[in-house]
$ cat run04.cif   # mmCIF, C-alpha atoms and all ligand atoms
data_input
#
loop_
_atom_site.label_atom_id
_atom_site.label_comp_id
_atom_site.auth_asym_id
_atom_site.auth_seq_id
_atom_site.Cartn_x
_atom_site.Cartn_y
_atom_site.Cartn_z
CA MET F 232 -17.15 66.13 33.16
CA SER F 233 -19.90 63.72 32.32
CA THR F 234 -21.34 61.69 35.15
CA ALA F 235 -23.02 59.43 32.67
CA GLU F 236 -20.05 57.13 32.50
CA SER F 237 -18.97 54.84 35.27
CA ASN F 238 -15.26 55.01 35.25
CA PRO F 239 -13.05 54.25 38.21
CA SER F 240 -11.41 57.61 37.60
CA ASP F 241 -14.80 59.22 38.21
CA VAL F 242 -14.57 58.06 41.80
CA ASP F 243 -14.74 61.56 43.24
CA THR F 244 -17.29 62.98 40.91
CA ALA F 245 -19.59 59.97 40.98
CA ARG F 246 -20.43 60.33 44.62
CA SER F 247 -19.91 64.03 45.13
CA THR F 248 -21.79 65.36 42.14
CA GLY F 249 -24.35 62.62 42.64
CA ALA F 250 -27.40 64.07 40.98
CA GLY F 251 -26.58 63.70 37.32
CA GLN F 252 -29.21 65.94 35.83
CA ASP F 253 -28.89 65.05 32.20
CA SER F 254 -29.49 61.47 31.29
CA GLN F 255 -27.79 61.36 27.92
CA PRO F 256 -26.88 57.88 26.80
CA ALA F 257 -23.35 57.04 27.86
CA ALA F 258 -20.72 56.82 25.16
CA ARG F 259 -20.12 53.30 26.39
CA PRO F 260 -22.41 51.17 28.51
CA VAL F 261 -22.65 51.88 32.20
CA TYR F 262 -21.47 48.93 34.26
CA LEU F 263 -24.19 47.68 36.61
CA ASP F 264 -23.16 44.09 37.23
CA GLY F 265 -21.29 44.34 40.51
CA HIS F 266 -22.57 40.98 41.72
CA ALA F 267 -20.44 39.43 38.96
CA THR F 268 -17.41 41.58 39.66
CA THR F 269 -16.69 45.09 40.91
CA PRO F 270 -14.27 47.50 39.22
CA LEU F 271 -10.88 47.71 40.88
CA ALA F 272 -10.54 50.63 43.29
CA PRO F 273 -7.96 53.13 41.95
CA GLU F 274 -6.31 53.02 45.38
CA ALA F 275 -5.89 49.24 45.07
CA LEU F 276 -4.51 49.60 41.55
CA ALA F 277 -1.94 52.14 42.76
CA ALA F 278 -0.95 49.94 45.70
CA MET F 279 -0.39 46.96 43.41
CA ALA F 280 1.67 48.75 40.76
CA PRO F 281 5.19 48.46 42.25
CA TRP F 282 4.80 44.77 43.00
CA TRP F 283 4.46 43.79 39.36
CA HIS F 284 7.89 45.07 38.35
CA HIS F 285 10.55 46.89 40.30
CA GLN F 286 9.45 45.52 43.68
CA ALA F 287 8.86 42.05 42.25
CA GLY F 288 9.91 39.25 44.53
CA ASN F 289 8.70 35.91 45.76
CA PRO F 290 7.56 36.22 49.38
CA ASN F 291 9.21 32.85 50.05
CA SER F 292 12.66 34.00 48.93
CA PRO F 293 15.14 34.80 51.68
CA HIS F 294 16.73 37.84 49.96
CA ARG F 295 15.66 41.45 50.41
CA HIS F 296 13.18 41.43 47.53
CA GLY F 297 11.59 38.33 49.01
CA GLN F 298 11.49 39.89 52.45
CA PHE F 299 9.82 43.05 51.13
CA ALA F 300 7.24 40.99 49.28
CA ASP F 301 6.60 38.90 52.38
CA ALA F 302 6.13 42.04 54.49
CA ALA F 303 3.66 43.39 51.89
CA VAL F 304 1.66 40.14 51.92
CA GLU F 305 1.56 40.13 55.72
CA ARG F 306 0.39 43.72 55.78
CA ALA F 307 -2.41 42.78 53.39
CA ARG F 308 -3.32 39.87 55.64
CA ARG F 309 -3.63 42.29 58.58
CA GLN F 310 -5.78 44.68 56.54
CA ILE F 311 -8.17 41.89 55.59
CA ALA F 312 -8.24 40.48 59.13
CA GLU F 313 -9.06 43.91 60.53
CA LEU F 314 -12.01 44.35 58.18
CA ILE F 315 -13.71 41.18 59.48
CA GLY F 316 -12.68 41.20 63.15
CA ALA F 317 -10.17 38.37 62.73
CA THR F 318 -6.52 37.92 63.61
CA PRO F 319 -4.01 37.73 60.73
CA GLY F 320 -3.21 34.11 61.59
CA GLU F 321 -6.81 33.19 60.83
CA ILE F 322 -6.60 34.42 57.19
CA TYR F 323 -5.47 32.01 54.45
CA PHE F 324 -5.07 33.41 50.94
CA THR F 325 -6.77 31.47 48.15
CA SER F 326 -7.40 32.12 44.45
CA GLY F 327 -10.92 33.35 45.23
CA ALA F 328 -14.11 32.45 47.03
CA THR F 329 -14.56 29.32 44.90
CA GLU F 330 -11.36 27.82 46.26
CA ALA F 331 -12.16 29.08 49.77
CA ASN F 332 -15.59 27.41 49.64
CA ASN F 333 -14.07 24.13 48.46
CA LEU F 334 -11.39 24.29 51.13
CA ALA F 335 -13.95 25.01 53.84
CA LEU F 336 -16.36 22.27 52.87
CA VAL F 337 -14.18 19.48 51.53
CA GLY F 338 -11.10 20.32 53.61
CA ALA F 339 -12.91 20.70 56.93
CA VAL F 340 -15.19 17.71 56.49
CA LEU F 341 -12.31 15.41 55.53
CA ALA F 342 -10.20 16.74 58.40
CA ALA F 343 -13.06 15.92 60.78
CA ARG F 344 -13.35 12.40 59.40
CA ALA F 345 -9.57 11.90 59.60
CA GLN F 346 -9.76 12.82 63.26
CA GLY F 347 -12.46 10.28 64.00
CA ASP F 348 -15.59 12.44 63.76
CA VAL F 349 -18.38 10.09 62.70
CA ARG F 350 -20.99 12.69 61.72
CA THR F 351 -21.84 12.48 58.03
CA GLN F 352 -24.50 15.10 57.26
CA LEU F 353 -23.94 18.49 55.61
CA VAL F 354 -26.66 21.13 55.52
CA VAL F 355 -26.54 23.89 52.90
CA SER F 356 -29.11 26.51 51.98
CA GLU F 357 -30.92 26.08 48.68
CA ILE F 358 -29.58 29.36 47.35
CA GLU F 359 -25.86 28.79 47.90
CA HIS F 360 -23.37 29.58 45.17
CA LYS F 361 -22.54 26.59 43.00
CA SER F 362 -19.05 26.38 44.47
CA VAL F 363 -20.67 25.51 47.81
CA LEU F 364 -23.38 23.27 46.39
CA HIS F 365 -21.07 21.30 44.14
CA ALA F 366 -18.36 21.01 46.77
CA ALA F 367 -21.01 19.57 49.12
CA TYR F 368 -22.35 17.18 46.48
CA SER F 369 -18.82 15.99 45.70
CA LEU F 370 -18.69 14.65 49.26
CA GLU F 371 -21.68 12.39 48.62
CA ARG F 372 -19.27 10.09 46.79
CA GLN F 373 -17.42 9.70 50.06
CA GLY F 374 -20.37 8.67 52.17
CA PHE F 375 -21.65 12.06 53.28
CA THR F 376 -25.25 13.20 52.82
CA VAL F 377 -26.35 16.70 51.87
CA ALA F 378 -29.63 18.25 53.06
CA THR F 379 -30.79 21.57 51.65
CA ALA F 380 -32.40 24.21 53.83
CA ALA F 381 -35.36 25.93 52.20
CA VAL F 382 -35.71 29.70 51.92
CA THR F 383 -38.77 31.95 52.12
CA ALA F 384 -40.15 33.91 49.16
CA ASP F 385 -37.71 36.67 50.18
CA GLY F 386 -34.76 34.31 49.90
CA VAL F 387 -34.18 34.10 53.64
CA VAL F 388 -33.35 30.76 55.26
CA ASP F 389 -36.40 29.43 57.09
CA LEU F 390 -35.11 29.08 60.65
CA ASP F 391 -37.75 26.58 61.79
CA ARG F 392 -37.04 24.30 58.90
CA LEU F 393 -33.30 24.69 59.40
CA SER F 394 -33.67 23.72 63.07
CA ARG F 395 -35.63 20.64 62.08
CA LEU F 396 -33.02 19.59 59.50
CA ILE F 397 -30.08 19.80 61.87
CA SER F 398 -29.41 16.80 64.05
CA GLN F 399 -26.63 15.06 65.96
CA GLU F 400 -25.56 13.73 62.56
CA THR F 401 -24.88 17.24 61.22
CA LEU F 402 -21.18 17.87 60.84
CA LEU F 403 -21.24 21.16 58.94
CA VAL F 404 -23.74 23.82 57.95
CA SER F 405 -23.03 26.29 55.14
CA VAL F 406 -25.11 29.43 54.64
CA MET F 407 -24.14 32.44 52.54
CA ALA F 408 -24.23 35.93 54.07
CA ALA F 409 -25.65 37.75 51.03
CA ASN F 410 -26.99 36.18 47.87
CA ASN F 411 -25.33 36.99 44.55
CA GLU F 412 -28.58 37.07 42.56
CA ILE F 413 -31.17 38.67 44.78
CA GLY F 414 -28.99 40.25 47.48
CA ALA F 415 -30.94 38.55 50.28
CA LEU F 416 -29.20 38.86 53.65
CA GLN F 417 -29.37 35.91 56.02
CA PRO F 418 -30.10 36.07 59.75
CA LEU F 419 -26.62 34.81 60.56
CA THR F 420 -26.71 35.49 64.29
CA ALA F 421 -29.80 33.33 64.71
CA ILE F 422 -28.36 30.67 62.39
CA ALA F 423 -25.07 30.65 64.33
CA GLU F 424 -26.98 30.12 67.56
CA ILE F 425 -28.92 27.15 66.17
CA VAL F 426 -25.79 25.58 64.69
CA ARG F 427 -23.64 26.18 67.79
CA THR F 428 -26.25 24.72 70.12
CA ASN F 429 -26.11 21.59 68.02
CA GLY F 430 -22.31 21.53 68.02
CA SER F 431 -21.96 21.54 64.20
CA LEU F 432 -19.36 23.49 62.25
CA LEU F 433 -20.57 26.66 60.51
CA HIS F 434 -19.24 27.96 57.21
CA VAL F 435 -20.35 31.29 55.75
CA ASP F 436 -19.76 32.29 52.14
CA ALA F 437 -19.34 36.02 52.66
CA ALA F 438 -18.13 36.83 49.12
CA GLN F 439 -20.92 39.31 48.46
CA ILE F 440 -21.08 41.02 51.84
CA VAL F 441 -17.54 41.67 52.99
CA GLY F 442 -16.43 45.18 52.12
CA LYS F 443 -20.05 46.23 51.59
CA LEU F 444 -21.60 45.87 55.05
CA PRO F 445 -20.03 45.41 58.49
CA PHE F 446 -19.17 41.76 59.00
CA ASP F 447 -17.79 39.97 62.05
CA ALA F 448 -16.23 36.64 61.13
CA SER F 449 -15.39 35.65 64.68
CA VAL F 450 -18.85 34.15 65.24
CA PHE F 451 -18.23 31.50 62.59
CA ASP F 452 -15.79 28.63 62.03
CA TYR F 453 -15.00 29.28 58.36
CA VAL F 454 -15.67 32.30 56.16
CA SER F 455 -14.97 32.68 52.42
CA LEU F 456 -13.97 36.02 50.89
CA SER F 457 -13.49 37.21 47.32
CA SER F 458 -11.36 40.24 46.48
CA HIS F 459 -13.03 41.07 43.17
CA LYS F 460 -16.44 41.49 44.76
CA MET F 461 -15.12 44.30 46.98
CA TYR F 462 -13.21 46.51 44.53
CA GLY F 463 -10.01 44.45 44.81
CA PRO F 464 -8.28 42.55 41.98
CA MET F 465 -9.60 39.32 40.47
CA GLY F 466 -7.77 36.07 41.16
CA ILE F 467 -7.45 36.26 44.92
CA GLY F 468 -9.64 35.58 47.92
CA ALA F 469 -9.26 34.18 51.39
CA LEU F 470 -10.58 31.64 53.81
CA TYR F 471 -10.96 32.67 57.43
CA VAL F 472 -10.43 29.72 59.74
CA SER F 473 -11.36 30.56 63.29
CA GLY F 474 -8.68 29.81 65.85
CA ALA F 475 -11.50 28.20 67.82
CA ALA F 476 -12.72 25.92 64.99
CA ALA F 477 -12.76 22.27 66.02
CA TYR F 478 -11.00 21.31 62.78
CA ARG F 479 -8.51 23.09 60.60
CA PRO F 480 -9.29 22.12 56.99
CA GLN F 481 -6.91 19.68 55.39
CA PRO F 482 -5.32 20.79 52.10
CA ILE F 483 -7.24 20.14 48.91
CA LEU F 484 -4.27 21.12 46.73
CA HIS F 485 -0.88 19.64 47.37
CA GLY F 486 2.50 21.27 47.06
CA GLY F 487 4.47 23.63 49.23
CA ASP F 488 3.73 24.70 52.76
CA GLN F 489 2.66 28.23 51.91
CA GLU F 490 -0.40 29.37 53.88
CA GLY F 491 0.26 26.66 56.41
CA GLY F 492 -0.05 24.09 53.63
CA LEU F 493 -3.62 25.20 52.82
CA GLY F 494 -2.53 27.38 49.91
CA PRO F 495 0.44 25.58 48.39
CA GLY F 496 2.10 27.63 45.67
CA THR F 497 3.47 31.13 45.40
CA ILE F 498 1.18 33.82 46.75
CA ALA F 499 0.50 36.46 44.11
CA THR F 500 2.05 39.40 45.93
CA PRO F 501 0.49 42.17 43.78
CA LEU F 502 -2.95 40.60 44.11
CA ALA F 503 -2.62 40.20 47.88
CA VAL F 504 -1.48 43.83 48.16
CA GLY F 505 -4.44 45.00 46.05
CA PHE F 506 -6.85 42.89 48.10
CA GLY F 507 -5.41 44.36 51.30
CA ALA F 508 -5.67 47.92 49.98
CA ALA F 509 -9.29 47.29 48.93
CA ALA F 510 -10.03 45.95 52.42
CA ALA F 511 -8.42 48.99 54.10
CA LEU F 512 -10.42 51.29 51.84
CA ALA F 513 -13.65 49.36 52.48
CA ALA F 514 -13.14 49.76 56.22
CA ILE F 515 -13.19 53.53 55.72
CA GLU F 516 -15.90 53.67 53.06
CA LEU F 517 -18.29 51.03 54.40
CA GLN F 518 -21.01 53.34 55.72
CA ASN F 519 -20.77 55.78 52.81
CA ASP F 520 -20.85 52.97 50.27
CA ALA F 521 -23.86 51.31 51.84
CA ARG F 522 -25.78 54.57 51.98
CA TRP F 523 -24.80 55.57 48.46
CA THR F 524 -25.43 52.27 46.71
CA GLY F 525 -28.71 51.76 48.59
CA ALA F 526 -29.86 55.23 47.51
CA LEU F 527 -28.96 54.48 43.88
CA ALA F 528 -31.00 51.27 43.90
CA GLU F 529 -33.95 53.19 45.31
CA ARG F 530 -33.51 55.96 42.74
CA PHE F 531 -33.54 53.33 40.00
CA GLU F 532 -36.83 51.86 41.20
CA GLU F 533 -38.30 55.32 41.61
CA ALA F 534 -37.25 56.24 38.07
CA LEU F 535 -38.92 53.07 36.77
CA ARG F 536 -42.13 54.02 38.58
CA GLU F 537 -41.92 57.58 37.21
CA ARG F 538 -41.90 56.00 33.76
CA GLN F 539 -44.85 53.78 34.72
CA VAL F 540 -43.01 50.56 34.03
CA ARG F 541 -44.63 47.46 35.53
CA PHE F 542 -42.09 45.43 37.48
CA THR F 543 -41.73 43.02 40.40
CA ARG F 544 -38.70 43.36 42.62
CA HIS F 545 -37.56 40.16 44.32
CA GLY F 546 -36.26 39.92 47.84
CA ALA F 547 -37.15 41.82 50.98
CA ALA F 548 -37.15 45.61 50.97
CA THR F 549 -34.85 45.77 53.98
CA ALA F 550 -32.91 42.51 54.43
CA ARG F 551 -31.13 43.13 51.15
CA LEU F 552 -27.61 44.05 50.18
CA PRO F 553 -27.61 47.81 49.45
CA GLY F 554 -27.27 48.44 45.72
CA SER F 555 -28.64 45.05 44.71
CA VAL F 556 -31.79 44.87 42.56
CA SER F 557 -33.30 41.71 41.12
CA VAL F 558 -36.32 42.65 39.10
CA ALA F 559 -38.79 40.97 36.75
CA PHE F 560 -40.63 42.62 33.87
CA GLU F 561 -43.46 40.21 33.31
CA GLY F 562 -43.97 38.99 29.78
CA ILE F 563 -40.52 40.18 28.73
CA ASP F 564 -37.74 37.79 27.86
CA ALA F 565 -34.72 38.75 29.99
CA THR F 566 -32.26 37.83 27.23
CA GLU F 567 -34.01 40.16 24.79
CA LEU F 568 -34.19 42.92 27.36
CA ILE F 569 -30.49 42.67 28.14
CA ALA F 570 -29.65 42.76 24.42
CA GLY F 571 -32.00 45.72 23.98
CA VAL F 572 -30.24 47.81 26.62
CA SER F 573 -26.71 46.55 26.02
CA ALA F 574 -25.54 49.69 24.23
CA ARG F 575 -26.38 51.72 27.32
CA ILE F 576 -26.05 49.46 30.35
CA SER F 577 -24.40 46.14 31.20
CA ILE F 578 -26.72 44.02 33.32
CA SER F 579 -27.18 40.31 33.86
CA GLU F 580 -29.84 37.69 33.83
CA GLY F 581 -31.13 36.07 36.94
CA SER F 582 -30.41 32.81 35.15
CA ALA F 583 -27.04 31.39 34.37
CA CYS F 584 -26.35 30.77 30.73
CA GLN F 585 -24.33 27.65 30.26
CA SER F 586 -23.06 26.43 26.91
CA GLY F 587 -25.64 28.47 25.09
CA GLN F 588 -28.51 27.03 27.09
CA ILE F 589 -30.43 28.98 29.64
CA THR F 590 -30.64 27.01 32.85
CA PRO F 591 -33.19 28.49 35.17
CA SER F 592 -31.54 30.00 38.20
CA HIS F 593 -31.75 27.71 41.23
CA VAL F 594 -32.03 30.81 43.39
CA LEU F 595 -35.07 32.22 41.59
CA ARG F 596 -36.64 28.75 41.62
CA ALA F 597 -35.99 28.46 45.36
CA ILE F 598 -37.88 31.68 46.10
CA GLY F 599 -40.84 30.20 44.23
CA LEU F 600 -40.98 32.30 41.07
CA SER F 601 -43.22 31.12 38.27
CA ASP F 602 -41.49 30.14 35.04
CA SER F 603 -42.60 33.33 33.36
CA LEU F 604 -41.33 35.61 36.15
CA LEU F 605 -38.12 33.63 36.27
CA ARG F 606 -37.52 34.10 32.55
CA SER F 607 -38.19 37.82 32.79
CA THR F 608 -35.80 38.56 35.66
CA VAL F 609 -32.69 40.71 35.38
CA ARG F 610 -30.16 41.55 38.04
CA LEU F 611 -28.44 44.88 38.63
CA TYR F 612 -25.96 46.11 41.18
CA PHE F 613 -25.25 49.77 41.82
CA GLY F 614 -21.76 50.07 43.21
CA ARG F 615 -19.42 52.61 44.77
CA TYR F 616 -18.47 54.18 41.44
CA ASN F 617 -21.93 54.56 39.98
CA SER F 618 -23.63 57.93 39.88
CA GLU F 619 -27.25 58.91 40.29
CA ASN F 620 -27.25 59.58 36.59
CA ASP F 621 -26.41 55.90 36.03
CA ALA F 622 -29.50 54.89 38.01
CA VAL F 623 -31.76 57.17 35.97
CA LEU F 624 -30.13 56.12 32.73
CA ALA F 625 -30.66 52.45 33.61
CA ALA F 626 -34.36 53.06 34.29
CA GLU F 627 -34.69 55.02 31.07
CA ALA F 628 -32.94 52.36 28.98
CA ILE F 629 -35.02 49.59 30.53
CA ALA F 630 -38.29 51.54 30.23
CA SER F 631 -37.79 52.14 26.53
CA ALA F 632 -36.67 48.56 25.81
CA VAL F 633 -39.58 47.15 27.82
CA ALA F 634 -42.03 49.43 25.99
CA LYS F 635 -40.70 48.25 22.61
CA LEU F 636 -40.80 44.58 23.57
CA ARG F 637 -44.29 44.85 25.07
CA LEU F 638 -45.52 46.66 21.99
CA ARG F 639 -44.14 43.85 19.85
CA THR F 640 -45.96 41.25 21.92
CA GLY F 641 -49.17 43.26 21.65
CA ASP F 642 -49.15 44.32 25.27
CA ARG F 643 -49.58 48.06 25.14
CA LEU F 644 -49.65 48.51 28.87
CA GLN F 645 -46.15 49.05 30.22
N1 LIG F 701 -19.72 32.88 46.33
C1 LIG F 701 -20.53 33.86 45.94
C2 LIG F 701 -21.72 34.21 46.77
C3 LIG F 701 -20.26 34.54 44.75
O1 LIG F 701 -21.07 35.53 44.36
C4 LIG F 701 -19.13 34.18 43.99
C5 LIG F 701 -18.82 34.86 42.67
N2 LIG F 701 -19.90 34.89 41.79
C6 LIG F 701 -18.31 33.15 44.46
C7 LIG F 701 -18.63 32.52 45.63
C8 LIG F 701 -17.07 32.75 43.70
O2 LIG F 701 -16.11 33.75 43.88
P1 LIG F 701 -14.75 33.79 43.04
O3 LIG F 701 -15.09 34.43 41.74
O4 LIG F 701 -13.84 34.66 43.88
O5 LIG F 701 -14.24 32.41 42.93
#
$ encode --input "run04.cif" --output "structure tokens"
Amino acid sequence: MSTAESNPSDVDTARSTGAGQDSQPAARPVYLDGHATTPLAPEALAAMAPWWHHQAGNPNSPHRHGQFADAAVERARRQIAELIGATPGEIYFTSGATEANNLALVGAVLAARAQGDVRTQLVVSEIEHKSVLHAAYSLERQGFTVATAAVTADGVVDLDRLSRLISQETLLVSVMAANNEIGALQPLTAIAEIVRTNGSLLHVDAAQIVGKLPFDASVFDYVSLSSHKMYGPMGIGALYVSGAAAYRPQPILHGGDQEGGLGPGTIATPLAVGFGAAAALAAIELQNDARWTGALAERFEEALRERQVRFTRHGAATARLPGSVSVAFEGIDATELIAGVSARISISEGSACQSGQITPSHVLRAIGLSDSLLRSTVRLYFGRYNSENDAVLAAEAIASAVAKLRLRTGDRLQ
């Protein structure tokens, strides 16, 4: 069978056969955009199947179908809790990390205020996901202030500057564990120490790290998770609320008392089951996945060098999520490059494209890239189901597209 295609059903062959020797173009593009979403694990798909039809039931219903569904949701909660060193009671299902981030920031801050806490400052890193940044900014309308913590050229929060930003006024600090554009990993233990010493609340957006590297939530007050970034289904995530957190977030959606009132509405049983199965699988595969995806990213860079392609990789060599590669091909327009390789590989820009307009990525700006490097940056993620052949094919596709584009612009040097 061909290893040139990334198909969830290739799960065994992708890792075991590894060295795809031929690098024939895939019949359909190879998926290399795991920061955006990861393919569903076949094990999670199988676990979900019964809950869509013959096992269907609302976990809130008192009859047997309801009880079975409720037991399945609670099992999933345990599986997720186990993966991050939490207790099941600390896991609240949400629709994804976006909702979890909003609940953590808006819900916790308003709960603090309702209980008489007079602190009004929030501190967020410059490279947070927009669901953190915009949730924080939404609180400015309610009298809170938001300070942004700068990052180094590697995308790592500058600890000295963070320490100087935090004061007795700081109610909550939010720092992501791994960045979704450049894969930068944050020194969370050191950050937690600084924040704790000051007595502020600490939220961590762990959407990109959980299921990919070991992660212990118990050091933090609030942690956001996303199922579809860890080979689970789209449409579900969770917020971890530490039993020791000074404030339990107040609801931001209103309705029933599901999820202790924090997630009003019917829990999507099949999605919760799939999320749980993905978490259980991640707990087993964590080390293998990290080794494998890290090796693929290295193989990709090596294959680019073999083809003498000039490139700049962003982010630190080591403090980076395995499998994540953010890379600039100077002088090349990222949009054109992506279009040029789109028949062979699916990759993303380092910039978000909104309503047809390219807005420069706030992350790439924060690490100090020049406009030209910023415009020439693409992002790849080699995941569990990619093969070595995919890495070589990606380098080959990019090398030939870059050569063509550079030729067109009169730059004959690759
Ligand atoms: N945080 C980070 C770091 C992310 O990468 C994403 C997804 N791009 C989110 C939050 C939002 O996750 P979801 O799609 O589950 O709402």
$ residues_near_point --input "run04.cif" --point "(-37.2, 45.2, 39.2)" --cutoff "7 Å" --atoms "all atoms listed in the file" --output "list in words"
Glu532, Phe542, Thr543, Arg544, Val556, Ser557, Val558, Ala559 and Phe560 of chain F
$ write_last_selection --input "run04.cif" --atoms "C-alpha atoms" --output "PDB file, in the coordinates of the input"
ATOM      1  CA  GLU F 532     -36.830  51.860  41.200  1.00  0.00           C
ATOM      2  CA  PHE F 542     -42.090  45.430  37.480  1.00  0.00           C
ATOM      3  CA  THR F 543     -41.730  43.020  40.400  1.00  0.00           C
ATOM      4  CA  ARG F 544     -38.700  43.360  42.620  1.00  0.00           C
ATOM      5  CA  VAL F 556     -31.790  44.870  42.560  1.00  0.00           C
ATOM      6  CA  SER F 557     -33.300  41.710  41.120  1.00  0.00           C
ATOM      7  CA  VAL F 558     -36.320  42.650  39.100  1.00  0.00           C
ATOM      8  CA  ALA F 559     -38.790  40.970  36.750  1.00  0.00           C
ATOM      9  CA  PHE F 560     -40.630  42.620  33.870  1.00  0.00           C
TER      10      PHE F 560
END
$ closest_atom_pairs --input "run04.cif" --of "chain F" --to "ligand LIG 701 (chain F)" --cutoff "6 Å" --atoms "only C-alpha atoms and all ligand atoms" --output "CSV"
residue,atom,partner,partner_atom,distance
F:Ala267,CA,F:LIG701,N2,5.4
F:Gly327,CA,F:LIG701,O4,3.5
F:Ala328,CA,F:LIG701,O4,3.9
F:Thr329,CA,F:LIG701,O5,3.7
F:His360,CA,F:LIG701,N1,5.1
F:Asn410,CA,F:LIG701,C2,5.7
F:Asn411,CA,F:LIG701,O1,4.5
F:Asp436,CA,F:LIG701,N1,5.8
F:Ala438,CA,F:LIG701,C1,5.0
F:Gln439,CA,F:LIG701,C2,5.4
F:Ser457,CA,F:LIG701,O4,4.3
F:Gly468,CA,F:LIG701,O4,5.9
$ residues_near_point --input "run04.cif" --point "(-37.6, 35.0, 41.7)" --cutoff "10 Å" --atoms "all atoms listed in the file" --output "compact mmCIF listing (two decimals) with C-alpha atoms, keeping the file's coordinate frame"
# COMPACT_ATOMS: atom_id res chain seq x y z
CA ALA F 384 -40.15 33.91 49.16
CA ASP F 385 -37.71 36.67 50.18
CA GLY F 386 -34.76 34.31 49.90
CA GLU F 412 -28.58 37.07 42.56
CA ILE F 413 -31.17 38.67 44.78
CA THR F 543 -41.73 43.02 40.40
CA ARG F 544 -38.70 43.36 42.62
CA HIS F 545 -37.56 40.16 44.32
CA GLY F 546 -36.26 39.92 47.84
CA SER F 557 -33.30 41.71 41.12
CA VAL F 558 -36.32 42.65 39.10
CA ALA F 559 -38.79 40.97 36.75
CA GLY F 581 -31.13 36.07 36.94
CA SER F 582 -30.41 32.81 35.15
CA SER F 592 -31.54 30.00 38.20
CA HIS F 593 -31.75 27.71 41.23
CA VAL F 594 -32.03 30.81 43.39
CA LEU F 595 -35.07 32.22 41.59
CA ARG F 596 -36.64 28.75 41.62
CA ALA F 597 -35.99 28.46 45.36
CA ILE F 598 -37.88 31.68 46.10
CA GLY F 599 -40.84 30.20 44.23
CA LEU F 600 -40.98 32.30 41.07
CA SER F 601 -43.22 31.12 38.27
CA ASP F 602 -41.49 30.14 35.04
CA SER F 603 -42.60 33.33 33.36
CA LEU F 604 -41.33 35.61 36.15
CA LEU F 605 -38.12 33.63 36.27
CA ARG F 606 -37.52 34.10 32.55
CA SER F 607 -38.19 37.82 32.79
CA THR F 608 -35.80 38.56 35.66
CA VAL F 609 -32.69 40.71 35.38
$ atom_distance --input "run04.cif" --atom1 "CA of Ala477 (chain F)" --atom2 "CA of Leu416 (chain F)"
26.4 Å
$ closest_residue --input "run04.cif" --among "F:Gln489, F:Gln417, F:Ser326, F:Gln286" --to "Gln298 (chain F)" --atoms "all atoms listed in the file"
F:Gln286
$ closest_residue --input "run04.cif" --among "F:Arg610, F:Arg575, F:Arg344, F:Arg538" --to "Ala634 (chain F)" --atoms "only C-alpha atoms"
F:Arg538
$ build_atoms --input "run04.cif" --residues "region 568-579 of chain F" --atoms "N, CA and C atoms" --output "PDB file, keeping the file's coordinate frame"
ATOM      1  N   LEU F 568     -34.298  41.632  26.668  1.00  0.00           N
ATOM      2  CA  LEU F 568     -34.190  42.920  27.360  1.00  0.00           C
ATOM      3  C   LEU F 568     -32.723  43.323  27.511  1.00  0.00           C
ATOM      4  N   ILE F 569     -31.909  42.375  27.936  1.00  0.00           N
ATOM      5  CA  ILE F 569     -30.490  42.670  28.140  1.00  0.00           C
ATOM      6  C   ILE F 569     -29.831  43.089  26.818  1.00  0.00           C
ATOM      7  N   ALA F 570     -30.197  42.388  25.739  1.00  0.00           N
ATOM      8  CA  ALA F 570     -29.650  42.760  24.420  1.00  0.00           C
ATOM      9  C   ALA F 570     -30.157  44.150  24.033  1.00  0.00           C
ATOM     10  N   GLY F 571     -31.406  44.428  24.345  1.00  0.00           N
ATOM     11  CA  GLY F 571     -32.000  45.720  23.980  1.00  0.00           C
ATOM     12  C   GLY F 571     -31.360  46.901  24.682  1.00  0.00           C
ATOM     13  N   VAL F 572     -30.841  46.687  25.876  1.00  0.00           N
ATOM     14  CA  VAL F 572     -30.240  47.810  26.620  1.00  0.00           C
ATOM     15  C   VAL F 572     -28.718  47.787  26.572  1.00  0.00           C
ATOM     16  N   SER F 573     -28.158  46.797  25.878  1.00  0.00           N
ATOM     17  CA  SER F 573     -26.710  46.550  26.020  1.00  0.00           C
ATOM     18  C   SER F 573     -25.822  47.693  25.534  1.00  0.00           C
ATOM     19  N   ALA F 574     -26.360  48.560  24.669  1.00  0.00           N
ATOM     20  CA  ALA F 574     -25.540  49.690  24.230  1.00  0.00           C
ATOM     21  C   ALA F 574     -25.431  50.740  25.337  1.00  0.00           C
ATOM     22  N   ARG F 575     -26.357  50.683  26.290  1.00  0.00           N
ATOM     23  CA  ARG F 575     -26.380  51.720  27.320  1.00  0.00           C
ATOM     24  C   ARG F 575     -25.995  51.223  28.706  1.00  0.00           C
ATOM     25  N   ILE F 576     -26.400  49.996  29.023  1.00  0.00           N
ATOM     26  CA  ILE F 576     -26.050  49.460  30.350  1.00  0.00           C
ATOM     27  C   ILE F 576     -25.686  47.980  30.252  1.00  0.00           C
ATOM     28  N   SER F 577     -24.771  47.562  31.118  1.00  0.00           N
ATOM     29  CA  SER F 577     -24.400  46.140  31.200  1.00  0.00           C
ATOM     30  C   SER F 577     -25.045  45.556  32.444  1.00  0.00           C
ATOM     31  N   ILE F 578     -26.043  44.699  32.212  1.00  0.00           N
ATOM     32  CA  ILE F 578     -26.720  44.020  33.320  1.00  0.00           C
ATOM     33  C   ILE F 578     -26.803  42.531  33.003  1.00  0.00           C
ATOM     34  N   SER F 579     -27.214  41.762  34.003  1.00  0.00           N
ATOM     35  CA  SER F 579     -27.180  40.310  33.860  1.00  0.00           C
ATOM     36  C   SER F 579     -28.550  39.687  34.005  1.00  0.00           C
TER      37      SER F 579
END
